[in-house]
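Down below is the structure, laid out as structure tokens.
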Amino acid sequence: MKRPLYGCMEPTITSGFIATGVENPVTEIQDFDRVVQFYWPRILRFVAASVRDRDVAETLTQDCFWNAYRNRKAFRGDSSLHTWLMRIAVNSVRKFARNRRLQFWRQAERSALDAATLGDWLPDRRMTQEARAVVNEQVQEVWDATAGLSDRQRTVFLLRFMEEMTIREIAEASGLTENAVNVHLFRAVRAVRSRLGKSQ
Amino acid sequence: MSNHLSQDQIAMCILGRSTPEEERHGRECPECRVELARFQQPVSTFREAMQDWSDREYVPRSPEVAVFLGKSRRPSNPVWRWAPAAMAVLILTGIPIYQQQMNLQRIEAEEAARQDALLMAAVSVHLSRTTPAPMEPIMALIPVPESDIQSGGTQ
């Protein structure tokens with residue numbers, strides 16, 4: 001069952017959020033609180049699937065909203081709020097990956113996400129043990145397959161297939177051209193397909 | 001030659017960038033349909049699992065949001081996190097080295113001044129001589145006239 005990503009009511013704060021004239025910090029925070037409530041899960045899952053560590057994902061997600069709040073005047077509404085937040089998240093993940101390369105001695109992730117249990121979260125509780133095992137296996141396969149992608153390929157793959165963003169939105173969020181997004185996406189799909197094939 | 005979609009064509013189908021013929025083939029050919037489903041099914045399950053996981057994760061409530069928005073952030077870059085420590089090490093090791101250098105320079109300057117003073121003294125002695133230094137042993141052999149002794153050598 002596919003759930004519509006934009007089906008639920010998106011906060012209508014954007015006009016107030018964009019307005020540079022909002023001077024009352026209490027109102028601004030209340031307004032921004034609604035942004036956090038609505039977008040936190042989306043940003044968190046993208047960051048978590050990118051960095052594969054729950055604690056790091058929570059910290060980066062918080063950083064992302066903090067940066068968004070600090071730079072709220074820079075948001076002019078050229079892209080959607082979701083795309084703008086995602087761009088901040090993509091930059092945070094990129095910065096984190098760059099720093100992690102410097103910390104190459106830190107091999108073990110302290111709170112690594114366990115993909116084997118992600119399937120347990122699926123809402124259909126009537127699933128048999130066998131069906132659940134198949135679901136867990138599928139989730140694990142995709143999780144492992146995306147681990148082998150380059151950072152850019154993983155980013156565009158997650159934005160397309162997990163966040164269901166359009167090519168244009170992905171280009172805006174990642175800072176790449178639409179052509180580059182298409183190329184990275186094509187390579188990512190080929191790589192994921194070949195890895196999914198190996199495990200079967 | 002195979003009538004089925006190639007790996008690249010399947011990838012294009014997945015991305016929605018295939019031609020109408022390829023799309024129709026992907027729908028009608030059972031083998032190609034299986035190939036497409038082999039990607040689409042796990043990816044769709046993965047998306048749902050991740051969406052469900054993130055929806056159940058804790059989302060900060062208003063007071064917490066106000067707190068974390070109000071906080072000033074430490075630089076998240078670990079390189080910058082090490083910067084104050086590196087600066088402290090530089091200062092702690094740099095100051096003694098700097099002081100040592102300054103002392104050395106001061107000692108060298110004093111030594112040079114002392115050498116200069118000695119040289120100047122030697123020059124003064126040399127200039128104050130009434131006879132050149134090589135002539136002094138010869139002059140010592142010449143007896144001094146009595147009148148010179150009585151008048152103290154002055155005329």
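Just remember, in the structure tokens the first chain shown is A, the second B, etc., residues are 1-based per chain, and ligands are 1-based in the order shown.
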For the interface of chain B with chain A (cut-off 12 Å, counting only C-alpha atoms), please tabulate each contacting residue of chain B alongside its nearest pair of atoms and their separation in Å to one decimal, rows sorted by chain and increasing number, as JSON lines.
{"residue": "B:Ser6", "atom": "CA", "partner": "A:Arg190", "partner_atom": "CA", "distance": 11.3}
{"residue": "B:Gln7", "atom": "CA", "partner": "A:Arg190", "partner_atom": "CA", "distance": 7.6}
{"residue": "B:Asp8", "atom": "CA", "partner": "A:Arg190", "partner_atom": "CA", "distance": 7.4}
{"residue": "B:Gln9", "atom": "CA", "partner": "A:Arg190", "partner_atom": "CA", "distance": 10.2}
{"residue": "B:Ile10", "atom": "CA", "partner": "A:Arg190", "partner_atom": "CA", "distance": 8.9}
{"residue": "B:Ala11", "atom": "CA", "partner": "A:Val189", "partner_atom": "CA", "distance": 6.1}
{"residue": "B:Met12", "atom": "CA", "partner": "A:Phe186", "partner_atom": "CA", "distance": 7.2}
{"residue": "B:Cys13", "atom": "CA", "partner": "A:Phe186", "partner_atom": "CA", "distance": 10.3}
{"residue": "B:Ile14", "atom": "CA", "partner": "A:Val189", "partner_atom": "CA", "distance": 8.0}
{"residue": "B:Leu15", "atom": "CA", "partner": "A:Phe186", "partner_atom": "CA", "distance": 7.5}
{"residue": "B:Gly16", "atom": "CA", "partner": "A:Phe186", "partner_atom": "CA", "distance": 10.8}
{"residue": "B:Arg17", "atom": "CA", "partner": "A:Asn182", "partner_atom": "CA", "distance": 9.8}
{"residue": "B:Val34", "atom": "CA", "partner": "A:Gly197", "partner_atom": "CA", "distance": 11.8}
{"residue": "B:Glu35", "atom": "CA", "partner": "A:Arg193", "partner_atom": "CA", "distance": 9.2}
{"residue": "B:Leu36", "atom": "CA", "partner": "A:Arg193", "partner_atom": "CA", "distance": 9.4}
{"residue": "B:Ala37", "atom": "CA", "partner": "A:Arg193", "partner_atom": "CA", "distance": 10.6}
{"residue": "B:Arg38", "atom": "CA", "partner": "A:Leu196", "partner_atom": "CA", "distance": 7.7}
{"residue": "B:Phe39", "atom": "CA", "partner": "A:Arg193", "partner_atom": "CA", "distance": 6.1}
{"residue": "B:Gln40", "atom": "CA", "partner": "A:Phe161", "partner_atom": "CA", "distance": 9.4}
{"residue": "B:Gln41", "atom": "CA", "partner": "A:Gln138", "partner_atom": "CA", "distance": 8.1}
{"residue": "B:Pro42", "atom": "CA", "partner": "A:Gln138", "partner_atom": "CA", "distance": 4.8}
{"residue": "B:Val43", "atom": "CA", "partner": "A:Val142", "partner_atom": "CA", "distance": 6.4}
{"residue": "B:Ser44", "atom": "CA", "partner": "A:Lys2", "partner_atom": "CA", "distance": 7.7}
{"residue": "B:Thr45", "atom": "CA", "partner": "A:Val139", "partner_atom": "CA", "distance": 6.4}
{"residue": "B:Phe46", "atom": "CA", "partner": "A:Val139", "partner_atom": "CA", "distance": 4.7}
{"residue": "B:Arg47", "atom": "CA", "partner": "A:Met162", "partner_atom": "CA", "distance": 4.9}
{"residue": "B:Glu48", "atom": "CA", "partner": "A:Leu122", "partner_atom": "CA", "distance": 7.0}
{"residue": "B:Ala49", "atom": "CA", "partner": "A:Gly119", "partner_atom": "CA", "distance": 5.5}
{"residue": "B:Met50", "atom": "CA", "partner": "A:Arg45", "partner_atom": "CA", "distance": 6.4}
{"residue": "B:Gln51", "atom": "CA", "partner": "A:Arg45", "partner_atom": "CA", "distance": 7.1}
{"residue": "B:Asp52", "atom": "CA", "partner": "A:Trp121", "partner_atom": "CA", "distance": 6.0}
{"residue": "B:Trp53", "atom": "CA", "partner": "A:Trp121", "partner_atom": "CA", "distance": 5.8}
{"residue": "B:Ser54", "atom": "CA", "partner": "A:Pro41", "partner_atom": "CA", "distance": 4.8}
{"residue": "B:Asp55", "atom": "CA", "partner": "A:Pro41", "partner_atom": "CA", "distance": 5.6}
{"residue": "B:Arg56", "atom": "CA", "partner": "A:Pro41", "partner_atom": "CA", "distance": 8.3}
{"residue": "B:Glu57", "atom": "CA", "partner": "A:Pro41", "partner_atom": "CA", "distance": 7.2}
{"residue": "B:Tyr58", "atom": "CA", "partner": "A:Pro41", "partner_atom": "CA", "distance": 8.6}
{"residue": "B:Val59", "atom": "CA", "partner": "A:Gln37", "partner_atom": "CA", "distance": 6.5}
{"residue": "B:Pro60", "atom": "CA", "partner": "A:Gln37", "partner_atom": "CA", "distance": 7.4}
{"residue": "B:Arg61", "atom": "CA", "partner": "A:Gln37", "partner_atom": "CA", "distance": 7.5}
{"residue": "B:Ser62", "atom": "CA", "partner": "A:Asp33", "partner_atom": "CA", "distance": 5.9}
{"residue": "B:Pro63", "atom": "CA", "partner": "A:Asp33", "partner_atom": "CA", "distance": 9.1}
{"residue": "B:Glu64", "atom": "CA", "partner": "A:Asp33", "partner_atom": "CA", "distance": 9.4}
{"residue": "B:Val65", "atom": "CA", "partner": "A:Asp33", "partner_atom": "CA", "distance": 6.4}
{"residue": "B:Ala66", "atom": "CA", "partner": "A:Ile29", "partner_atom": "CA", "distance": 6.4}
{"residue": "B:Val67", "atom": "CA", "partner": "A:Ile29", "partner_atom": "CA", "distance": 10.0}
{"residue": "B:Phe68", "atom": "CA", "partner": "A:Trp66", "partner_atom": "CA", "distance": 7.2}
{"residue": "B:Leu69", "atom": "CA", "partner": "A:Trp66", "partner_atom": "CA", "distance": 5.5}
{"residue": "B:Gly70", "atom": "CA", "partner": "A:Trp66", "partner_atom": "CA", "distance": 8.7}
{"residue": "B:Lys71", "atom": "CA", "partner": "A:Trp66", "partner_atom": "CA", "distance": 8.8}
{"residue": "B:Ser72", "atom": "CA", "partner": "A:Trp66", "partner_atom": "CA", "distance": 9.2}
{"residue": "B:Arg73", "atom": "CA", "partner": "A:Asp63", "partner_atom": "CA", "distance": 8.2}
{"residue": "B:Arg74", "atom": "CA", "partner": "A:Asp63", "partner_atom": "CA", "distance": 10.2}
{"residue": "B:Pro75", "atom": "CA", "partner": "A:Asp63", "partner_atom": "CA", "distance": 10.3}
{"residue": "B:Ser76", "atom": "CA", "partner": "A:Phe96", "partner_atom": "CA", "distance": 8.3}
{"residue": "B:Asn77", "atom": "CA", "partner": "A:Asn99", "partner_atom": "CA", "distance": 6.6}
{"residue": "B:Pro78", "atom": "CA", "partner": "A:Asn99", "partner_atom": "CA", "distance": 6.9}
{"residue": "B:Val79", "atom": "CA", "partner": "A:Asn99", "partner_atom": "CA", "distance": 7.8}
{"residue": "B:Trp80", "atom": "CA", "partner": "A:Asn99", "partner_atom": "CA", "distance": 10.5}
{"residue": "B:Arg81", "atom": "CA", "partner": "A:Asn99", "partner_atom": "CA", "distance": 11.4}
Skip Cys32 (chain B) itself and residues of its chain fewer than 6 positions away, then list as an mmCIF file with C-alpha atoms, in the first residue's frame all residues within 9 Å of it, counting only C-alpha atoms.
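Contents of part_36.cif, freshly written:
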data_model
loop_
_atom_site.group_PDB
_atom_site.id
_atom_site.type_symbol
_atom_site.label_atom_id
_atom_site.label_comp_id
_atom_site.auth_asym_id
_atom_site.auth_seq_id
_atom_site.Cartn_x
_atom_site.Cartn_y
_atom_site.Cartn_z
ATOM 1 C CA HIS B 4 13.252 -8.564 -23.773
ATOM 2 C CA LEU B 5 14.217 -5.229 -22.322
ATOM 3 C CA ILE B 10 14.649 -1.672 -17.433
ATOM 4 C CA HIS B 25 6.567 -4.325 -23.303
ATOM 5 C CA GLY B 26 7.315 -3.924 -19.585
#
Quick one: pull the distance between CA of Ala173 (chain A) and CA of Asp31 (chain A), Å, one decimal.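 Answer for the CA of Ala173 (chain A) to CA of Asp31 (chain A) separation: 22.8 Å.
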Could you please determine the separation between CA of Met86 (chain A) and CA of Ile170 (chain A) in Å, to one decimal place? 8.9 Å
Which value, in Å to one decimal, gives the distance between CA of Arg76 (chain A) and CA of Ile88 (chain A)?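 Interatomic distance, CA of Arg76 (chain A) to CA of Ile88 (chain A): 14.5 Å.
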